[in-house]
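With compact mmCIF, C-alpha atoms inside, this is upload.txt:
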# COMPACT_ATOMS: atom_id res chain seq x y z
CA MET A 87 18.05 -87.51 45.56
CA CYS A 88 20.35 -90.55 45.35
CA VAL A 89 23.54 -90.76 43.31
CA THR A 90 21.94 -93.31 40.97
CA CYS A 91 19.13 -90.88 40.16
CA ASN A 92 21.55 -88.02 39.49
CA ARG A 93 23.34 -90.25 36.97
CA GLY A 94 19.91 -91.24 35.57
CA ILE A 95 19.19 -87.62 34.67
CA LYS A 96 22.41 -87.53 32.65
CA LEU A 97 21.69 -90.94 31.13
CA SER A 98 18.35 -89.88 29.69
CA ALA A 99 20.24 -87.66 27.23
CA GLU A 100 22.21 -90.71 26.08
CA PHE A 101 19.14 -92.78 25.21
CA GLU A 102 16.15 -92.44 22.89
CA VAL A 103 12.82 -93.59 24.28
CA THR A 104 9.85 -94.51 22.09
CA GLY A 105 6.58 -96.21 22.84
CA LEU A 106 3.40 -97.29 21.16
CA PHE A 107 0.58 -95.46 22.94
CA TYR A 108 -3.11 -96.16 22.31
CA LYS A 109 -6.57 -95.54 23.70
CA THR A 110 -9.57 -97.82 23.90
CA ASN A 111 -12.81 -97.86 25.90
CA GLY A 112 -11.88 -94.49 27.43
CA TYR A 113 -8.57 -95.76 28.86
CA LYS A 114 -4.98 -94.81 28.02
CA PHE A 115 -2.58 -97.66 27.28
CA ARG A 116 0.93 -98.37 26.08
CA LYS A 117 1.74 -101.57 24.19
CA TYR A 118 5.52 -101.40 24.65
CA LEU A 119 8.40 -99.03 25.26
CA ASP A 120 11.83 -99.17 23.62
CA ILE A 121 14.95 -97.60 25.13
CA LYS A 122 17.79 -97.33 22.67
CA ARG A 123 21.25 -95.86 23.04
CA ALA A 124 21.31 -92.66 20.96
CA GLY A 125 22.82 -93.19 17.52
CA ASN A 126 22.62 -96.98 17.74
CA SER A 127 21.13 -98.64 14.65
CA GLN A 128 20.47 -102.01 16.27
CA SER A 129 17.11 -103.36 15.10
CA LYS A 130 16.38 -105.87 17.90
CA PRO A 131 16.60 -105.47 21.66
CA ASP A 132 19.50 -107.08 23.51
CA LEU A 133 17.56 -106.86 26.80
CA MET A 134 13.89 -107.54 27.56
CA VAL A 135 12.20 -106.15 30.67
CA VAL A 136 8.80 -107.15 32.04
CA MET A 137 7.27 -104.83 34.62
CA MET A 138 3.84 -104.08 36.07
CA ASN A 139 2.45 -101.17 34.02
CA PRO A 140 3.55 -98.21 31.89
CA GLY A 141 3.64 -95.80 34.83
CA SER A 142 3.89 -92.11 34.08
CA SER A 143 5.77 -92.18 30.78
CA SER A 144 3.85 -90.35 28.09
CA PRO A 145 4.15 -89.50 24.39
CA LEU A 146 6.08 -86.28 23.80
CA ASP A 147 3.77 -85.34 20.92
CA GLY A 148 0.78 -85.44 23.27
CA ASN A 149 -1.01 -87.93 21.01
CA GLY A 150 -1.94 -90.87 23.17
CA ASN A 151 -3.42 -92.85 20.28
CA ASN A 152 -0.66 -93.41 17.72
CA LEU A 153 -0.50 -96.12 15.09
CA THR A 154 3.29 -96.04 15.15
CA PRO A 155 5.78 -95.60 18.00
CA SER A 156 6.39 -92.05 19.15
CA ALA A 157 9.04 -90.39 21.27
CA ALA A 158 8.27 -90.75 24.96
CA GLU A 159 9.14 -89.04 28.23
CA PRO A 160 10.84 -91.63 30.48
CA ASP A 161 9.78 -92.03 34.09
CA ASN A 162 12.00 -92.86 37.10
CA THR A 163 11.79 -96.62 36.57
CA GLN A 164 12.84 -96.27 32.95
CA GLN A 165 15.75 -94.14 34.11
CA GLN A 166 16.81 -97.12 36.21
CA ILE A 167 16.61 -99.38 33.16
CA MET A 168 18.94 -96.92 31.40
CA LYS A 169 21.40 -97.27 34.29
CA VAL A 170 21.28 -101.08 34.01
CA MET A 171 21.79 -100.79 30.26
CA ASP A 172 24.73 -98.44 30.71
CA THR A 173 26.38 -100.57 33.38
CA ALA A 174 25.95 -103.82 31.42
CA SER A 175 26.67 -102.27 27.98
CA PHE A 176 23.24 -102.98 26.51
CA ASN A 177 22.19 -100.81 23.59
CA PHE A 178 18.50 -101.57 23.19
CA SER A 179 15.90 -102.71 25.71
CA ARG A 180 12.20 -103.31 25.25
CA ILE A 181 9.77 -103.01 28.12
CA LEU A 182 6.57 -105.02 28.14
CA ASN A 183 4.14 -104.82 31.01
CA LEU A 184 1.74 -107.18 32.73
CA SER A 185 -0.88 -104.49 32.07
CA ASP A 186 -0.88 -101.89 29.26
CA LEU A 187 -2.95 -99.47 31.40
CA ARG A 188 -1.06 -96.18 31.80
CA THR A 189 -1.13 -94.87 35.35
CA PRO A 190 1.55 -93.89 37.84
CA ASP A 191 -0.65 -95.17 40.69
CA SER A 192 -0.18 -98.87 41.42
CA SER A 193 -3.45 -99.07 43.35
CA THR A 194 -5.29 -98.09 40.16
CA ILE A 195 -3.86 -101.19 38.44
CA TYR A 196 -4.83 -103.46 41.34
CA LYS A 197 -8.40 -102.13 41.24
CA PHE A 198 -8.60 -102.28 37.43
CA VAL A 199 -7.43 -105.91 37.29
CA LYS A 200 -10.23 -106.92 39.67
CA SER A 201 -12.91 -104.76 38.01
CA ASP A 202 -15.61 -105.72 35.51
CA GLU A 203 -14.24 -103.00 33.22
CA SER A 204 -11.02 -105.00 32.77
CA LYS A 205 -13.07 -107.67 30.99
CA LEU A 206 -14.02 -105.19 28.25
CA VAL A 207 -10.51 -104.82 26.84
CA GLU A 208 -7.47 -107.05 26.27
CA TYR A 209 -5.16 -104.93 28.40
CA SER A 210 -2.35 -107.50 28.79
CA ILE A 211 0.13 -108.54 26.08
CA PHE A 212 0.16 -111.91 27.87
CA SER A 213 -3.51 -112.57 27.10
CA THR A 214 -4.02 -115.63 24.88
CA LYS A 215 -5.88 -113.37 22.43
CA ARG A 216 -2.73 -111.26 21.99
CA LYS A 217 -0.33 -114.17 21.51
CA SER A 218 0.68 -113.04 17.99
CA GLU A 219 1.51 -109.52 19.26
CA LEU A 220 3.65 -111.00 22.02
CA SER A 221 5.54 -113.19 19.56
CA LEU A 222 6.35 -110.11 17.44
CA LEU A 223 7.46 -107.94 20.36
CA PHE A 224 9.25 -110.36 22.66
CA ILE A 225 12.79 -111.19 21.57
CA GLN A 226 13.98 -114.66 22.51
CA ASN A 227 17.49 -115.62 23.63
CA VAL A 228 18.40 -112.32 25.28
CA PRO A 229 18.54 -111.55 29.02
CA VAL A 230 15.12 -110.89 30.59
CA ILE A 231 14.45 -108.87 33.73
CA PHE A 232 11.27 -109.54 35.72
CA GLY A 233 10.29 -106.71 38.08
CA TRP A 234 6.55 -106.17 38.49
CA GLY A 235 6.15 -106.18 42.24
CA VAL A 236 4.77 -108.54 44.83
CA ASN A 237 1.15 -107.45 45.31
CA PRO A 238 -1.09 -110.57 45.27
CA ALA A 239 -3.51 -108.81 42.88
CA LEU A 240 -0.87 -109.23 40.16
CA ILE A 241 -0.51 -112.99 40.49
CA PRO A 242 -3.00 -113.90 37.71
CA LEU A 243 -1.22 -111.56 35.26
CA ALA A 244 2.24 -112.59 36.45
CA LYS A 245 1.33 -116.25 36.05
CA LYS A 246 0.27 -115.62 32.43
CA ALA A 247 3.55 -113.81 31.76
CA VAL A 248 5.75 -116.48 33.33
CA GLU A 249 3.90 -119.29 31.56
CA SER A 250 3.87 -117.46 28.21
CA LEU A 251 7.55 -116.62 28.22
CA VAL A 252 9.04 -119.78 29.75
CA ILE A 253 12.28 -118.08 30.85
CA ASN A 254 14.55 -120.50 32.72
CA SER A 255 16.66 -117.93 34.55
CA PRO A 256 15.07 -114.49 34.53
CA LEU A 257 16.98 -111.65 36.13
CA GLY A 258 15.26 -109.99 39.05
CA ILE A 259 14.68 -110.51 42.73
CA LYS A 260 12.06 -113.15 43.35
CA LYS A 261 10.14 -112.97 46.60
CA ILE A 262 11.01 -115.96 48.79
CA ASN A 263 8.44 -118.78 48.78
CA THR A 264 6.55 -117.42 45.78
CA LYS A 265 6.35 -118.50 42.18
CA TYR A 266 5.20 -115.31 40.43
CA SER A 267 6.33 -112.34 42.54
CA TYR A 268 9.41 -110.32 41.52
CA TYR A 269 10.34 -107.16 43.39
CA LYS A 270 10.35 -103.87 41.57
CA GLN A 271 13.49 -101.98 42.54
CA SER A 272 13.35 -98.23 43.00
CA CYS A 273 15.76 -95.69 44.36
CA CYS A 274 13.78 -92.47 44.08
I need this file expressed as structure tokens, please.
Amino acid sequence: MCVTCNRGIKLSAEFEVTGLFYKTNGYKFRKYLDIKRAGNSQSKPDLMVVMMNPGSSSPLDGNGNNLTPSAAEPDNTQQQIMKVMDTASFNFSRILNLSDLRTPDSSTIYKFVKSDESKLVEYSIFSTKRKSELSLLFIQNVPVIFGWGVNPALIPLAKKAVESLVINSPLGIKKINTKYSYYKQSCC
């Protein structure tokens, strides 16, 4: 285990994690995830993060279909966001994803995006039909990290995100000679 991950384990006690989990058409989804420094009363995020999918985080209450945000178990990637927040003195970050589909397996997302089943549900906050949700959840004029990966299957979703958000200088590592591919960093 790397030093960053050891610190991440300690950091998870310093942050509160909540998410809005829901189910539709037999699939598990998450609309957004908030990571807030414990005891902080800030009402709006000071950091926005856009990644591929919700990964393995899950609601602590076991109810995957809540109408309000519930406490969530952070995954390794969210632990890394906590480290960024701690290092840069951010108190509140919100994570939105290209896809709301909850799965720790990236290949499942790639298959889902290309499937006919994906047409049955608006699984991306960047869909034109979910524009009002995006405007409520995305906070303007704060730093934004892009980190959804470089698989070509994500390009249609990434293009929608980039064009919806119009961020001049997003943080993240952009793949050379691409317009919509940002590496997802991982240490563990």
Could the centre and edge lengths of an axis-aligned box, enclosing all atoms of region 252-266 of chain A in the file with 8 Å extra on each side, be given in Å to one decimal as AutoDock Vina command-line options?
--center_x 11.1 --center_y -115.2 --center_z 39.3 --size_x 27.8 --size_y 26.5 --size_z 35.0
CA of Ile225 (chain A) to CA of Gly105 (chain A), straight-line distance in Å: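 A separation of 16.3 Å between them.
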Neighbour list for Phe176 (chain A) as a ChimeraX atom specification, cut-off 12 Å, all atoms listed in the file, skip fewer than 2 positions in-chain: /A:101,121-124,126,128,130-134,167-174,178-180,228-229
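The residue that comes closest to Pro238 (chain A), out of A:Lys215, A:Lys117, A:Lys200, A:Lys205 and on the basis of all atoms listed in the file, is A:Lys200.
Using only C-alpha atoms, the contacts of Val230 (chain A) at a cut-off of 8 Å, with sequence neighbours closer than 5 positions omitted, comprise Leu133, Met134, Val135, Val136, Ile253, Pro256 and Leu257 of chain A.
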Output C-alpha atoms for every residue in the selection just made, as a PDB file, in the frame of the given file.
ATOM      1  CA  LEU A 133      17.560-106.860  26.800  1.00  0.00           C
ATOM      2  CA  MET A 134      13.890-107.540  27.560  1.00  0.00           C
ATOM      3  CA  VAL A 135      12.200-106.150  30.670  1.00  0.00           C
ATOM      4  CA  VAL A 136       8.800-107.150  32.040  1.00  0.00           C
ATOM      5  CA  ILE A 253      12.280-118.080  30.850  1.00  0.00           C
ATOM      6  CA  PRO A 256      15.070-114.490  34.530  1.00  0.00           C
ATOM      7  CA  LEU A 257      16.980-111.650  36.130  1.00  0.00           C
TER       8      LEU A 257
END
Expressed in Å, the length from CA of Gly150 (chain A) to CA of Tyr108 (chain A) is 5.5 Å
Counting all atoms listed in the file, the residue of A:Gly141, A:Pro160, A:Gly233, A:Pro155 that sits nearest Val248 (chain A):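 Closest candidate: A:Gly233.
With only C-alpha atoms as the atoms that count, the residue of A:Leu146, A:Ile259, A:Leu184, A:Leu222 with the shortest distance to Tyr209 (chain A) is A:Leu184.
With all atoms listed in the file as the atoms that count, the minimum distance from Arg216 (chain A) to the choices A:Thr189, A:Ser250, A:Asn177, A:Ser267 is reached by A:Ser250.
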So, with all atoms listed in the file as the atoms that count, which of A:Ile231, A:Val199, A:Ala99, A:Leu187 lies closest to Leu251 (chain A)?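 Going through A:Ile231, A:Val199, A:Ala99, A:Leu187 one by one, the smallest distance to Leu251 (chain A) is for A:Ile231.
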For CA of Gln165 (chain A) and CA of Ser143 (chain A), quote the distance in Å rounded to one decimal.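 Taking CA of Gln165 (chain A) as the start and CA of Ser143 (chain A) as the end point, the length is 10.7 Å.
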When distances are computed from all atoms listed in the file, which of A:Asn149, A:Glu100, A:Pro140, A:Thr194 shows the smallest separation from Ser210 (chain A)?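 Counting all atoms listed in the file, the residue closest to Ser210 (chain A) is A:Pro140.
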Shell around Glu203 (chain A) at 10 Å using all atoms listed in the file, local window under 5 positions removed, as number ranges by chain: A: 111, 197-198
Could you add N, CA and C atoms to region 243-259 of chain A and give me the result as a compact mmCIF listing (two decimals), keeping the file's coordinate frame?
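The result, stored in part_7.txt:
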# COMPACT_ATOMS: atom_id res chain seq x y z
N LEU A 243 -1.95 -112.11 36.41
CA LEU A 243 -1.22 -111.56 35.26
C LEU A 243 0.21 -112.08 35.22
N ALA A 244 0.86 -112.11 36.38
CA ALA A 244 2.24 -112.59 36.45
C ALA A 244 2.33 -114.05 36.03
N LYS A 245 1.36 -114.83 36.43
CA LYS A 245 1.33 -116.25 36.05
C LYS A 245 1.24 -116.38 34.53
N LYS A 246 0.38 -115.59 33.90
CA LYS A 246 0.27 -115.62 32.43
C LYS A 246 1.59 -115.25 31.78
N ALA A 247 2.27 -114.25 32.33
CA ALA A 247 3.55 -113.81 31.76
C ALA A 247 4.60 -114.90 31.90
N VAL A 248 4.75 -115.44 33.08
CA VAL A 248 5.75 -116.48 33.33
C VAL A 248 5.49 -117.70 32.46
N GLU A 249 4.24 -118.11 32.36
CA GLU A 249 3.90 -119.29 31.56
C GLU A 249 4.01 -119.03 30.06
N SER A 250 3.75 -117.80 29.63
CA SER A 250 3.87 -117.46 28.21
C SER A 250 5.32 -117.40 27.76
N LEU A 251 6.17 -116.87 28.61
CA LEU A 251 7.55 -116.62 28.22
C LEU A 251 8.49 -117.81 28.42
N VAL A 252 8.22 -118.61 29.43
CA VAL A 252 9.04 -119.78 29.75
C VAL A 252 10.54 -119.41 29.77
N ILE A 253 10.89 -118.52 30.68
CA ILE A 253 12.28 -118.08 30.85
C ILE A 253 12.88 -118.89 31.99
N ASN A 254 13.94 -119.64 31.70
CA ASN A 254 14.55 -120.50 32.72
C ASN A 254 15.21 -119.73 33.85
N SER A 255 15.93 -118.68 33.52
CA SER A 255 16.66 -117.93 34.55
C SER A 255 16.46 -116.43 34.36
N PRO A 256 15.26 -115.94 34.68
CA PRO A 256 15.07 -114.49 34.53
C PRO A 256 15.91 -113.73 35.56
N LEU A 257 16.30 -112.54 35.19
CA LEU A 257 16.98 -111.65 36.13
C LEU A 257 15.91 -110.96 36.95
N GLY A 258 16.22 -110.64 38.17
CA GLY A 258 15.26 -109.99 39.05
C GLY A 258 15.34 -110.61 40.42
N ILE A 259 14.66 -110.00 41.35
CA ILE A 259 14.68 -110.51 42.73
C ILE A 259 13.32 -111.10 43.04
